[in-house]
Amino acid sequence: MRCDHFDAGTCRSCTLLDLPHGEQVRDADAALRELLAPFLIVRDGDSSGRTRDSSGRTEDRARVATDADALPRQADRARDDVWCAPLTSADAGFRNRAKMVVTGTAIAPILGIQGQGQVGADPALLGTEDLADCPLYPPGVEELLEHVRTLIRRAQVPPYDAARHRGEIRFVHVTVGADDRMMLRLVLRSERALDRIREHLPRLLEARPQVAVVSANIHPEHVATLEGEQEIHLAGDEFLPVTMGPVTLHARPRSFLQTNTAVAGGLYAQVADWVDEVAENDAPRDDPLRIWDLYCGVGGFALACARRPASTGTGTGSDVGTGPDTDTDAASPASAPPVREVVGVEISEQAIIAAREAAEAAGVIATFHAQDATAWAIAEAERTGAPDVVIVNPPRRGISAELAAWIEASGVPDVVYSSCNPRTLARDLAAMPSYRIDRARLVDMFPHTRHDEVVVRLTRIGSPA
């Protein structure tokens with residue numbers, strides 16, 4: 001990818017842009033393999049490395065190498081068995097969300113990126129380089145930002161001056177969803193400019209009919225955050241559908257959303273495939289496979305892993321009992337037990353509302369709770385027992401020590417950990433010595449940066465420490 005702003009030194013957010021994308025991925029993959037090598041599974045026995053216990057459940061016969069002479073051989077085998085090919089991104093046009101800081105004046109607004117500007121410039125001037133044409137954004141974003149610039153001029157909305165604590169418009173957020181539809185969000189210091197914005201907004205919507213959602217966020221505090229607590233709907237729908245691989249999510253203005261649509265879709269599909277493997281390796285069972293998605297956000301992993309009720313072949317209720325050859329003794333979706341019992345837990349109520357709506361729209365069975373993930377998991381396990389699979393997708397700080405301790409002691413046979421910070425993942429794995437990495441994959445969510453992500457499937461190899 002070529003970027004005029006990077007070449008001119010006016011934006012360095014893509015710190016690795018001088019390095020070919022393929023080399024970026026290879027270097028990141030090598031660094032992850034080195035970091036996580038102490039936590040990889042080592043198989044004994046047959047080529048599959050798997051055996052069945054007396055209950056019929058499939059387990060890995062695995063051990064951690066302790067003999068110094070055996071370590072190199074076992075490490076080589078582990079790397080070959082465990083690491084999947086990196087999940088790579090396009091090198092341009094992949095970012096579905098633009099978060100622009102507004103500077104300049106109401107007559108000449110500048111839409112930049114927080115903290116970017118001419119190298120060596122006064123820090124007070126950072127964010128003053130116009131970056132609306134950033135090549136990371138997909139087609140249509142730059143055009144919409146130009147219309148937003150026109151809206152700011154027509155409505156005479158002064159950009160916020162952080163040094164003087166004056167002005168109104170702080171940020172402009174654009175999200176690209178399914179069918180190139182978009183969500184526009186204006187972050188304002190107060191409601192003073194709302195009437196003028198409402199007056200001129202119809203002209204923007206007429207020019208860019210793909211804008212499906214418009215809101216204003218009121219952010220009165222003089223702090224370096226991207227949004228406030230109050231959200232005001234201005235036009236269009238309440239949410240934006242965003243299709244990521246096997247799922248269509250409902251993005252609301254305050255929702256967290258993975259910013260690389262294609263890679264996020266691959267991530268959801270990968271985790272769903274691993275859960276499928278768990279189900280296939282399980283002994284026959286009458287009860288549903290229980291899956292807990294902790295830190296579920298708007299429901300991506302939970303929805304990808306959920307299944308429609310059992311039916312006569314299609315998995316949809318509309319095809320049951322509708323034709324002359326239908327077996328009238330076949331179980332209907334209403335009477336058949338679900339193949340899986342999927343529960344998502346997330347602290348954000350807005351995210352849980354979006355997850356429930358997406359599940360209903362997709363016709364899948366999943367339950368979502370707006371609660372603290374750690375507290376809910378501990379209490380629910382005491383009430384109903386531990387699940388078969390736990391999926392965690394925590395923020396950069398990783399999971400809490402309390403949750404790591406619960407997982408370690410829980411007896412859960414399979415855990416999937418999607419990490420946006422490999423170092424905190426390594427810390428959390430050290431706190432769960434009964435688990436080893438059975439599968440791992442680099443997730444190239446943020447090309448041209450050192451922000452690496454990884455998803456791992458963990459298998460319990462022994463009793464809790």
# chains A, B, ... in the order shown; residues from 1 in each chain; ligands from 1
$ closest_atom_pairs --of "segment 208-292 of chain A" --to "segment 162-178 of chain A" --cutoff "10 Å" --atoms "only C-alpha atoms" --output "CSV"
residue,atom,partner,partner_atom,distance
A:Gln210,CA,A:Val176,CA,9.6
A:Val211,CA,A:Val176,CA,9.1
A:Ala212,CA,A:Gly177,CA,9.5
A:Val213,CA,A:Thr175,CA,9.5
A:Val214,CA,A:Val174,CA,9.5
A:Ser215,CA,A:His173,CA,9.8
A:Ala216,CA,A:Val172,CA,9.5
A:Asn217,CA,A:Phe171,CA,9.4
A:Ile218,CA,A:Ile169,CA,9.5
A:His219,CA,A:Arg170,CA,8.3
A:Pro220,CA,A:Glu168,CA,9.2
A:Glu221,CA,A:His165,CA,9.4
A:His222,CA,A:His165,CA,6.9
A:Val223,CA,A:Ala162,CA,8.8
A:Ala224,CA,A:Ala162,CA,9.1
A:Leu226,CA,A:Phe171,CA,7.3
A:Glu227,CA,A:Phe171,CA,8.5
A:Leu240,CA,A:Gly177,CA,6.3
A:Pro241,CA,A:Gly177,CA,5.8
A:Val242,CA,A:Gly177,CA,4.3
A:Thr243,CA,A:Ala178,CA,5.5
A:Met244,CA,A:Ala178,CA,8.7
A:Thr248,CA,A:Ala178,CA,8.3
A:Leu249,CA,A:Gly177,CA,9.2
A:His250,CA,A:Gly177,CA,9.3
A:Ala251,CA,A:Gly177,CA,8.4
A:Arg252,CA,A:Thr175,CA,9.9
A:Pro253,CA,A:Thr175,CA,9.0
A:Leu257,CA,A:Thr175,CA,9.2
A:Thr259,CA,A:Thr175,CA,8.7
A:Thr261,CA,A:Gly177,CA,8.6
$ select_by_dssp --residues "segment 166-356 of chain A" --states "strand (DSSP E)" --output "JSON, numbers by chain"
{"A": [169, 170, 171, 172, 173, 174, 175, 176, 182, 183, 184, 185, 186, 187, 188, 211, 212, 213, 214, 215, 216, 217, 218, 230, 231, 232, 233, 234, 235, 236, 240, 241, 242, 243, 244, 247, 248, 249, 250, 251, 289, 290, 291, 292, 293, 294, 340, 341, 342, 343, 344, 345, 346]}
$ select_by_dssp --residues "segment 218-440 of chain A" --states "helix (DSSP H, G or I)" --output "PyMOL selection string"
chain A and resi 261-281+300-305+317-319+349-362+373-384+401-410+422-430
$ residues_around --residues "Pro139 of chain A" --least-positions-apart "2" --cutoff "9 Å" --atoms "only C-alpha atoms" --output "PyMOL selection string"
chain A and resi 93+137+141-143+180
$ residues_around --residues "His448 of chain A" --least-positions-apart "4" --cutoff "8 Å" --atoms "only C-alpha atoms" --output "PDB file with all heavy atoms, in the first residue's frame"
ATOM      1  N   CYS A  14       0.531   4.073  10.626  1.00  0.00           N
ATOM      2  CA  CYS A  14       0.916   2.779  10.050  1.00  0.00           C
ATOM      3  C   CYS A  14       2.441   2.669  10.147  1.00  0.00           C
ATOM      4  O   CYS A  14       3.162   2.931   9.181  1.00  0.00           O
ATOM      5  CB  CYS A  14       0.444   2.666   8.608  1.00  0.00           C
ATOM      6  SG  CYS A  14      -1.341   2.614   8.411  1.00  0.00           S
ATOM      7  N   THR A  15       2.917   2.289  11.309  1.00  0.00           N
ATOM      8  CA  THR A  15       4.348   2.367  11.593  1.00  0.00           C
ATOM      9  C   THR A  15       5.198   1.429  10.747  1.00  0.00           C
ATOM     10  O   THR A  15       6.400   1.657  10.592  1.00  0.00           O
ATOM     11  CB  THR A  15       4.599   2.061  13.079  1.00  0.00           C
ATOM     12  OG1 THR A  15       4.035   0.783  13.397  1.00  0.00           O
ATOM     13  CG2 THR A  15       3.956   3.131  13.960  1.00  0.00           C
ATOM     14  N   LEU A  16       4.615   0.359  10.202  1.00  0.00           N
ATOM     15  CA  LEU A  16       5.378  -0.633   9.443  1.00  0.00           C
ATOM     16  C   LEU A  16       5.152  -0.521   7.941  1.00  0.00           C
ATOM     17  O   LEU A  16       5.455  -1.458   7.198  1.00  0.00           O
ATOM     18  CB  LEU A  16       4.994  -2.047   9.906  1.00  0.00           C
ATOM     19  CG  LEU A  16       5.227  -2.377  11.378  1.00  0.00           C
ATOM     20  CD1 LEU A  16       4.828  -3.821  11.660  1.00  0.00           C
ATOM     21  CD2 LEU A  16       6.679  -2.142  11.772  1.00  0.00           C
ATOM     22  N   LEU A  17       4.673   0.605   7.482  1.00  0.00           N
ATOM     23  CA  LEU A  17       4.297   0.715   6.069  1.00  0.00           C
ATOM     24  C   LEU A  17       5.492   0.571   5.136  1.00  0.00           C
ATOM     25  O   LEU A  17       5.328   0.186   3.976  1.00  0.00           O
ATOM     26  CB  LEU A  17       3.587   2.050   5.818  1.00  0.00           C
ATOM     27  CG  LEU A  17       2.764   2.150   4.535  1.00  0.00           C
ATOM     28  CD1 LEU A  17       1.750   1.022   4.444  1.00  0.00           C
ATOM     29  CD2 LEU A  17       2.063   3.497   4.452  1.00  0.00           C
ATOM     30  N   LEU A  19       7.627  -1.677   5.336  1.00  0.00           N
ATOM     31  CA  LEU A  19       7.905  -3.103   5.229  1.00  0.00           C
ATOM     32  C   LEU A  19       6.801  -3.779   4.430  1.00  0.00           C
ATOM     33  O   LEU A  19       5.622  -3.564   4.695  1.00  0.00           O
ATOM     34  CB  LEU A  19       7.973  -3.714   6.635  1.00  0.00           C
ATOM     35  CG  LEU A  19       8.515  -5.134   6.780  1.00  0.00           C
ATOM     36  CD1 LEU A  19       9.992  -5.179   6.413  1.00  0.00           C
ATOM     37  CD2 LEU A  19       8.300  -5.628   8.212  1.00  0.00           C
ATOM     38  N   HIS A  21       3.887  -6.099   3.216  1.00  0.00           N
ATOM     39  CA  HIS A  21       2.891  -6.715   4.080  1.00  0.00           C
ATOM     40  C   HIS A  21       3.217  -8.169   4.392  1.00  0.00           C
ATOM     41  O   HIS A  21       3.052  -8.635   5.527  1.00  0.00           O
ATOM     42  CB  HIS A  21       1.511  -6.599   3.426  1.00  0.00           C
ATOM     43  CG  HIS A  21       0.389  -7.060   4.290  1.00  0.00           C
ATOM     44  ND1 HIS A  21      -0.774  -7.595   3.777  1.00  0.00           N
ATOM     45  CD2 HIS A  21       0.237  -7.090   5.638  1.00  0.00           C
ATOM     46  CE1 HIS A  21      -1.583  -7.919   4.761  1.00  0.00           C
ATOM     47  NE2 HIS A  21      -1.003  -7.629   5.911  1.00  0.00           N
ATOM     48  N   GLN A  24       5.662  -8.295   7.119  1.00  0.00           N
ATOM     49  CA  GLN A  24       5.025  -7.952   8.394  1.00  0.00           C
ATOM     50  C   GLN A  24       4.377  -9.184   9.016  1.00  0.00           C
ATOM     51  O   GLN A  24       4.543  -9.449  10.212  1.00  0.00           O
ATOM     52  CB  GLN A  24       3.957  -6.883   8.182  1.00  0.00           C
ATOM     53  CG  GLN A  24       4.432  -5.546   7.653  1.00  0.00           C
ATOM     54  CD  GLN A  24       3.250  -4.633   7.330  1.00  0.00           C
ATOM     55  OE1 GLN A  24       2.162  -4.777   7.883  1.00  0.00           O
ATOM     56  NE2 GLN A  24       3.465  -3.707   6.411  1.00  0.00           N
ATOM     57  N   ASP A  91      -4.177  -5.323   2.220  1.00  0.00           N
ATOM     58  CA  ASP A  91      -3.275  -4.313   2.765  1.00  0.00           C
ATOM     59  C   ASP A  91      -3.834  -2.900   2.654  1.00  0.00           C
ATOM     60  O   ASP A  91      -3.226  -1.949   3.155  1.00  0.00           O
ATOM     61  CB  ASP A  91      -1.888  -4.396   2.118  1.00  0.00           C
ATOM     62  CG  ASP A  91      -1.874  -3.906   0.679  1.00  0.00           C
ATOM     63  OD1 ASP A  91      -2.960  -3.816   0.072  1.00  0.00           O
ATOM     64  OD2 ASP A  91      -0.778  -3.623   0.171  1.00  0.00           O
TER      65      ASP A  91
END
$ residues_around --residues "segment 417-433 of chain A" --least-positions-apart "2" --cutoff "7 Å" --atoms "only C-alpha atoms" --output "PyMOL selection string"
chain A and resi 36+391-399+404+408+415+435+452-457+465
$ atom_distance --atom1 "atom CA of Pro447 of chain A" --atom2 "atom CA of Arg95 of chain A"
9.8 Å
$ closest_atom_pairs --of "segment 366-457 of chain A" --to "segment 338-344 of chain A" --cutoff "9 Å" --atoms "only C-alpha atoms" --output "Markdown table"
| residue | atom | partner | partner_atom | distance |
| --- | --- | --- | --- | --- |
| A:Ala366 | CA | A:Val342 | CA | 5.0 |
| A:Thr367 | CA | A:Val343 | CA | 4.7 |
| A:Phe368 | CA | A:Gly344 | CA | 4.6 |
| A:His369 | CA | A:Gly344 | CA | 6.3 |
| A:Ala370 | CA | A:Gly344 | CA | 8.7 |
| A:Ala373 | CA | A:Gly344 | CA | 8.9 |
$ write_last_selection --atoms "N, CA and C atoms" --output "PDB file, in the first residue's frame"
ATOM      1  N   ALA A 366     -29.675 -18.527  21.007  1.00  0.00           N
ATOM      2  CA  ALA A 366     -28.575 -18.089  21.865  1.00  0.00           C
ATOM      3  C   ALA A 366     -29.161 -17.175  22.928  1.00  0.00           C
ATOM      4  N   THR A 367     -28.591 -17.217  24.107  1.00  0.00           N
ATOM      5  CA  THR A 367     -29.040 -16.397  25.221  1.00  0.00           C
ATOM      6  C   THR A 367     -27.940 -15.428  25.592  1.00  0.00           C
ATOM      7  N   PHE A 368     -28.324 -14.183  25.906  1.00  0.00           N
ATOM      8  CA  PHE A 368     -27.332 -13.161  26.213  1.00  0.00           C
ATOM      9  C   PHE A 368     -27.681 -12.457  27.514  1.00  0.00           C
ATOM     10  N   HIS A 369     -26.640 -12.192  28.316  1.00  0.00           N
ATOM     11  CA  HIS A 369     -26.807 -11.548  29.614  1.00  0.00           C
ATOM     12  C   HIS A 369     -25.900 -10.325  29.715  1.00  0.00           C
ATOM     13  N   ALA A 370     -26.450  -9.221  30.182  1.00  0.00           N
ATOM     14  CA  ALA A 370     -25.666  -8.005  30.431  1.00  0.00           C
ATOM     15  C   ALA A 370     -25.174  -8.050  31.871  1.00  0.00           C
ATOM     16  N   ALA A 373     -18.674 -10.674  33.232  1.00  0.00           N
ATOM     17  CA  ALA A 373     -18.439 -12.034  32.743  1.00  0.00           C
ATOM     18  C   ALA A 373     -17.889 -12.945  33.835  1.00  0.00           C
TER      19      ALA A 373
END
$ closest_residue --among "A:Glu280, A:Asp161, A:Asp273, A:Asp438" --to "Ala37 of chain A" --atoms "only C-alpha atoms"
A:Asp438
$ closest_residue --among "A:Cys134, A:Ile197, A:Leu32, A:Val389" --to "Arg149 of chain A" --atoms "only C-alpha atoms"
A:Ile197
$ atom_distance --atom1 "atom CA of Ile461 of chain A" --atom2 "atom CA of Ala304 of chain A"
26.5 Å
$ closest_residue --among "A:His451, A:Arg203, A:Arg290, A:Arg441" --to "Asp414 of chain A" --atoms "only C-alpha atoms"
A:Arg290
$ closest_residue --among "A:Pro158, A:Pro138, A:Gly411, A:Gly363" --to "Ala381 of chain A" --atoms "only C-alpha atoms"
A:Gly411
$ decode --residues "segment 152-193 of chain A" --atoms "N, CA and C atoms" --output "CSV table (one decimal), in the first residue's frame"
chain,number,residue,atom,x,y,z
A,152,ILE,N,-20.7,20.6,8.3
A,152,ILE,CA,-20.2,21.5,9.4
A,152,ILE,C,-20.1,22.9,9.0
A,153,ARG,N,-19.8,23.2,7.7
A,153,ARG,CA,-19.7,24.6,7.2
A,153,ARG,C,-21.1,25.2,7.2
A,154,ARG,N,-22.1,24.4,6.6
A,154,ARG,CA,-23.4,25.0,6.5
A,154,ARG,C,-24.1,25.2,7.8
A,155,ALA,N,-23.8,24.3,8.8
A,155,ALA,CA,-24.5,24.4,10.1
A,155,ALA,C,-23.6,25.3,11.0
A,156,GLN,N,-22.5,25.7,10.6
A,156,GLN,CA,-21.6,26.6,11.4
A,156,GLN,C,-21.3,26.0,12.7
A,157,VAL,N,-20.8,24.8,12.7
A,157,VAL,CA,-20.5,24.1,14.0
A,157,VAL,C,-18.9,24.2,14.2
A,158,PRO,N,-18.5,25.0,15.2
A,158,PRO,CA,-17.1,25.2,15.4
A,158,PRO,C,-16.4,24.0,16.0
A,159,PRO,N,-15.3,23.6,15.4
A,159,PRO,CA,-14.5,22.4,16.0
A,159,PRO,C,-14.1,22.7,17.4
A,160,TYR,N,-14.0,21.7,18.2
A,160,TYR,CA,-13.7,21.8,19.6
A,160,TYR,C,-12.2,22.1,19.7
A,161,ASP,N,-11.8,23.1,20.5
A,161,ASP,CA,-10.4,23.4,20.8
A,161,ASP,C,-10.1,22.9,22.2
A,162,ALA,N,-9.3,21.8,22.3
A,162,ALA,CA,-9.0,21.2,23.5
A,162,ALA,C,-8.2,22.1,24.5
A,163,ALA,N,-7.4,22.9,23.9
A,163,ALA,CA,-6.5,23.8,24.8
A,163,ALA,C,-7.4,24.9,25.4
A,164,ARG,N,-8.4,25.4,24.7
A,164,ARG,CA,-9.2,26.5,25.3
A,164,ARG,C,-10.5,26.0,25.8
A,165,HIS,N,-10.8,24.7,25.6
A,165,HIS,CA,-12.1,24.1,26.1
A,165,HIS,C,-13.3,24.9,25.4
A,166,ARG,N,-13.1,25.1,24.2
A,166,ARG,CA,-14.2,25.9,23.4
A,166,ARG,C,-14.5,25.1,22.1
A,167,GLY,N,-15.7,25.4,21.6
A,167,GLY,CA,-16.1,24.8,20.3
A,167,GLY,C,-17.1,23.7,20.6
A,168,GLU,N,-17.6,23.0,19.5
A,168,GLU,CA,-18.7,22.1,19.7
A,168,GLU,C,-18.3,20.7,19.1
A,169,ILE,N,-17.9,20.6,17.9
A,169,ILE,CA,-17.8,19.2,17.3
A,169,ILE,C,-16.4,18.7,17.6
A,170,ARG,N,-16.3,17.5,18.2
A,170,ARG,CA,-15.0,16.9,18.6
A,170,ARG,C,-14.6,15.9,17.5
A,171,PHE,N,-15.5,14.9,17.3
A,171,PHE,CA,-15.1,13.8,16.4
A,171,PHE,C,-16.2,13.5,15.4
A,172,VAL,N,-15.8,12.8,14.3
A,172,VAL,CA,-16.7,12.2,13.4
A,172,VAL,C,-16.4,10.8,13.2
A,173,HIS,N,-17.4,9.9,13.5
A,173,HIS,CA,-17.2,8.5,13.3
A,173,HIS,C,-18.0,7.9,12.1
A,174,VAL,N,-17.4,7.2,11.3
A,174,VAL,CA,-18.1,6.5,10.2
A,174,VAL,C,-17.9,5.0,10.2
A,175,THR,N,-19.0,4.3,10.2
A,175,THR,CA,-18.9,2.8,10.1
A,175,THR,C,-19.5,2.3,8.9
A,176,VAL,N,-18.8,1.4,8.2
A,176,VAL,CA,-19.3,0.8,6.9
A,176,VAL,C,-19.8,-0.6,7.2
A,177,GLY,N,-21.1,-0.9,6.8
A,177,GLY,CA,-21.7,-2.2,7.1
A,177,GLY,C,-22.0,-2.9,5.8
A,178,ALA,N,-23.0,-3.8,5.9
A,178,ALA,CA,-23.5,-4.6,4.8
A,178,ALA,C,-24.0,-3.8,3.7
A,179,ASP,N,-23.7,-4.2,2.5
A,179,ASP,CA,-24.2,-3.6,1.2
A,179,ASP,C,-23.7,-2.1,1.2
A,180,ASP,N,-22.5,-1.8,1.8
A,180,ASP,CA,-21.9,-0.5,1.8
A,180,ASP,C,-22.8,0.6,2.5
A,181,ARG,N,-23.8,0.1,3.3
A,181,ARG,CA,-24.5,1.1,4.1
A,181,ARG,C,-23.6,1.6,5.2
A,182,MET,N,-23.9,2.8,5.7
A,182,MET,CA,-23.0,3.5,6.6
A,182,MET,C,-23.8,4.0,7.8
A,183,MET,N,-23.0,4.2,8.9
A,183,MET,CA,-23.5,4.8,10.1
A,183,MET,C,-22.6,6.0,10.3
A,184,LEU,N,-23.3,7.2,10.6
A,184,LEU,CA,-22.5,8.4,10.8
A,184,LEU,C,-22.8,8.9,12.3
A,185,ARG,N,-21.8,9.2,13.0
A,185,ARG,CA,-21.9,9.6,14.4
A,185,ARG,C,-21.1,10.9,14.6
A,186,LEU,N,-21.8,11.9,15.1
A,186,LEU,CA,-21.1,13.2,15.4
A,186,LEU,C,-21.0,13.4,16.9
A,187,VAL,N,-19.7,13.5,17.4
A,187,VAL,CA,-19.5,13.7,18.8
A,187,VAL,C,-19.4,15.1,19.1
A,188,LEU,N,-20.3,15.6,19.9
A,188,LEU,CA,-20.4,17.1,20.2
A,188,LEU,C,-20.2,17.4,21.7
A,189,ARG,N,-19.7,18.6,21.9
A,189,ARG,CA,-19.5,19.0,23.3
A,189,ARG,C,-20.8,19.2,24.1
A,190,SER,N,-21.9,19.7,23.3
A,190,SER,CA,-23.2,19.9,23.9
A,190,SER,C,-24.2,19.8,22.9
A,191,GLU,N,-25.5,20.1,23.2
A,191,GLU,CA,-26.6,20.1,22.3
A,191,GLU,C,-26.8,21.4,21.6
A,192,ARG,N,-25.9,22.4,21.8
A,192,ARG,CA,-26.2,23.7,21.2
A,192,ARG,C,-26.3,23.7,19.7
A,193,ALA,N,-25.6,22.9,19.0
A,193,ALA,CA,-25.6,22.9,17.6
A,193,ALA,C,-26.6,22.0,16.9
